[in-house]
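Reading through the C-alpha cells given below for one structure.
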Amino acid sequence: MVADLLVGAVDRLFRASGTAGHSEDSPLQRLWRDVHSAAGHIVLQLGPDASAYAARALSTGPAER
C-alpha cells in the first residue's frame with residue numbers, strides 16, 4: 001500500500017514538472033523510473049502474497065495450525 005502511495009505522489013510531481021521533468025538529465029525523471037520499477041517488484045505486490053496466504057490458510061485444518 002505504501003508503494004502505491006509513493007507511486008501516486010511521484011506521478012503527481014512528475015506531471016507538475018511539465019516537459020522539463022521528462023528530460024533524460026532530469027533527476028525527477030530518474031526518480032520516477034526508479035519508483036515505478038521498485039513498486040513493480042513482486043515482493044511489493046499484494047495479490048501474490050494474499051493468494052499464497054489464502055491457499056496456505058485454507059489448505060490446513062485446525063489441528064495442523
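Residues are referred to by chain and number: the chain letter is A, B, ... according to the order shown in the C-alpha cells, the number counts from 1 in that chain, and ligands are numbered separately from 1 in the order shown.
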
Item to complete: Using DSSP on the backbone coordinates, identify the residues of chain A assigned to alpha helix (DSSP H); present them as JSON, numbers by chain.
Response: {"A": [2, 3, 4, 5, 6, 7, 8, 9, 10, 11, 12, 13, 14, 15, 16, 27, 28, 29, 30, 31, 32, 33, 34, 35, 36, 37, 38, 39, 46, 47, 48, 49, 50, 51, 52, 53, 54, 55, 56, 57, 58, 59]}

Worksheet entry | Residues near A:His22, cut-off 12 Å, only C-alpha atoms, skip fewer than 4 positions along chain, as a ChimeraX atom specification | /A:11,13-18,26-33

Could the residues in this selection be saved with all heavy atoms as a short mmCIF file (atom, residue, chain, number, x, y, z; two decimals), in the first residue's frame?
data_model
loop_
_atom_site.label_atom_id
_atom_site.label_comp_id
_atom_site.auth_asym_id
_atom_site.auth_seq_id
_atom_site.Cartn_x
_atom_site.Cartn_y
_atom_site.Cartn_z
N ASP A 11 4.10 10.38 -9.34
CA ASP A 11 3.38 10.69 -10.58
C ASP A 11 2.87 12.12 -10.59
O ASP A 11 2.96 12.82 -11.60
CB ASP A 11 2.21 9.72 -10.79
CG ASP A 11 2.64 8.36 -11.30
OD1 ASP A 11 3.80 8.21 -11.72
OD2 ASP A 11 1.80 7.44 -11.28
N LEU A 13 4.13 14.68 -8.91
CA LEU A 13 5.30 15.56 -9.07
C LEU A 13 5.78 15.57 -10.52
O LEU A 13 6.12 16.62 -11.06
CB LEU A 13 6.44 15.09 -8.16
CG LEU A 13 6.31 15.36 -6.68
CD1 LEU A 13 7.40 14.64 -5.91
CD2 LEU A 13 6.37 16.86 -6.42
N PHE A 14 5.81 14.41 -11.12
CA PHE A 14 6.29 14.29 -12.49
C PHE A 14 5.38 15.07 -13.45
O PHE A 14 5.87 15.76 -14.33
CB PHE A 14 6.36 12.81 -12.86
CG PHE A 14 7.15 12.51 -14.10
CD1 PHE A 14 8.49 12.85 -14.19
CD2 PHE A 14 6.56 11.89 -15.17
CE1 PHE A 14 9.23 12.57 -15.33
CE2 PHE A 14 7.28 11.59 -16.32
CZ PHE A 14 8.62 11.94 -16.40
N ARG A 15 4.07 14.92 -13.27
CA ARG A 15 3.13 15.67 -14.12
C ARG A 15 3.28 17.17 -13.90
O ARG A 15 3.22 17.96 -14.85
CB ARG A 15 1.69 15.25 -13.83
CG ARG A 15 1.28 13.98 -14.53
CD ARG A 15 -0.23 13.77 -14.48
NE ARG A 15 -0.81 13.85 -13.16
CZ ARG A 15 -0.93 12.82 -12.31
NH1 ARG A 15 -0.53 11.63 -12.67
NH2 ARG A 15 -1.47 12.98 -11.13
N ALA A 16 3.49 17.58 -12.65
CA ALA A 16 3.61 19.00 -12.35
C ALA A 16 4.90 19.61 -12.89
O ALA A 16 4.99 20.82 -13.09
CB ALA A 16 3.53 19.22 -10.84
N SER A 17 5.90 18.77 -13.16
CA SER A 17 7.19 19.28 -13.63
C SER A 17 7.14 19.73 -15.09
O SER A 17 8.04 20.41 -15.56
CB SER A 17 8.28 18.23 -13.46
OG SER A 17 8.11 17.17 -14.38
N GLY A 18 6.11 19.32 -15.79
CA GLY A 18 5.99 19.70 -17.20
C GLY A 18 6.99 18.96 -18.07
O GLY A 18 7.51 17.92 -17.68
N SER A 26 17.03 15.02 -16.17
CA SER A 26 16.24 15.44 -15.01
C SER A 26 16.30 14.41 -13.89
O SER A 26 16.01 13.22 -14.11
CB SER A 26 14.77 15.63 -15.42
OG SER A 26 13.97 15.84 -14.28
N PRO A 27 16.68 14.84 -12.68
CA PRO A 27 16.68 13.91 -11.55
C PRO A 27 15.28 13.36 -11.26
O PRO A 27 15.13 12.23 -10.81
CB PRO A 27 17.17 14.74 -10.36
CG PRO A 27 17.77 15.97 -10.95
CD PRO A 27 17.16 16.16 -12.31
N LEU A 28 14.26 14.14 -11.55
CA LEU A 28 12.89 13.70 -11.31
C LEU A 28 12.52 12.55 -12.24
O LEU A 28 11.83 11.62 -11.84
CB LEU A 28 11.92 14.86 -11.47
CG LEU A 28 10.47 14.59 -11.10
CD1 LEU A 28 10.36 14.10 -9.66
CD2 LEU A 28 9.64 15.84 -11.28
N GLN A 29 13.00 12.59 -13.47
CA GLN A 29 12.72 11.51 -14.42
C GLN A 29 13.35 10.21 -13.93
O GLN A 29 12.74 9.15 -13.99
CB GLN A 29 13.26 11.89 -15.81
CG GLN A 29 12.63 11.14 -16.93
CD GLN A 29 13.45 9.93 -17.36
OE1 GLN A 29 14.50 9.62 -16.83
NE2 GLN A 29 12.93 9.22 -18.33
N ARG A 30 14.55 10.29 -13.40
CA ARG A 30 15.23 9.10 -12.85
C ARG A 30 14.48 8.58 -11.63
O ARG A 30 14.26 7.38 -11.47
CB ARG A 30 16.68 9.47 -12.49
CG ARG A 30 17.40 8.48 -11.65
CD ARG A 30 18.03 7.39 -12.51
NE ARG A 30 18.58 6.32 -11.72
CZ ARG A 30 19.86 6.19 -11.43
NH1 ARG A 30 20.73 7.06 -11.87
NH2 ARG A 30 20.28 5.19 -10.71
N LEU A 31 14.05 9.48 -10.76
CA LEU A 31 13.28 9.09 -9.58
C LEU A 31 11.98 8.41 -9.99
O LEU A 31 11.61 7.38 -9.42
CB LEU A 31 12.99 10.32 -8.71
CG LEU A 31 12.11 10.09 -7.50
CD1 LEU A 31 12.83 9.22 -6.48
CD2 LEU A 31 11.71 11.41 -6.87
N TRP A 32 11.31 8.96 -10.98
CA TRP A 32 10.05 8.38 -11.46
C TRP A 32 10.27 6.95 -11.94
O TRP A 32 9.53 6.05 -11.58
CB TRP A 32 9.49 9.26 -12.59
CG TRP A 32 8.19 8.78 -13.14
CD1 TRP A 32 6.94 9.08 -12.66
CD2 TRP A 32 8.00 7.91 -14.26
NE1 TRP A 32 5.99 8.44 -13.43
CE2 TRP A 32 6.62 7.72 -14.42
CE3 TRP A 32 8.86 7.29 -15.14
CZ2 TRP A 32 6.08 6.94 -15.42
CZ3 TRP A 32 8.33 6.50 -16.15
CH2 TRP A 32 6.96 6.33 -16.28
N ARG A 33 11.32 6.74 -12.75
CA ARG A 33 11.62 5.38 -13.23
C ARG A 33 11.95 4.44 -12.09
O ARG A 33 11.50 3.30 -12.06
CB ARG A 33 12.81 5.41 -14.20
CG ARG A 33 12.49 5.89 -15.57
CD ARG A 33 13.69 5.70 -16.44
NE ARG A 33 14.91 5.97 -15.66
CZ ARG A 33 16.01 6.51 -16.12
NH1 ARG A 33 16.10 6.82 -17.38
NH2 ARG A 33 17.05 6.73 -15.36
#

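Atom CA of A:Ala54 is positioned 28.1 Å from atom CA of A:Gly8.
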
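For the pair atom CA of A:Asp49 and atom CA of A:Asp34, the interatomic distance is 22.4 Å.
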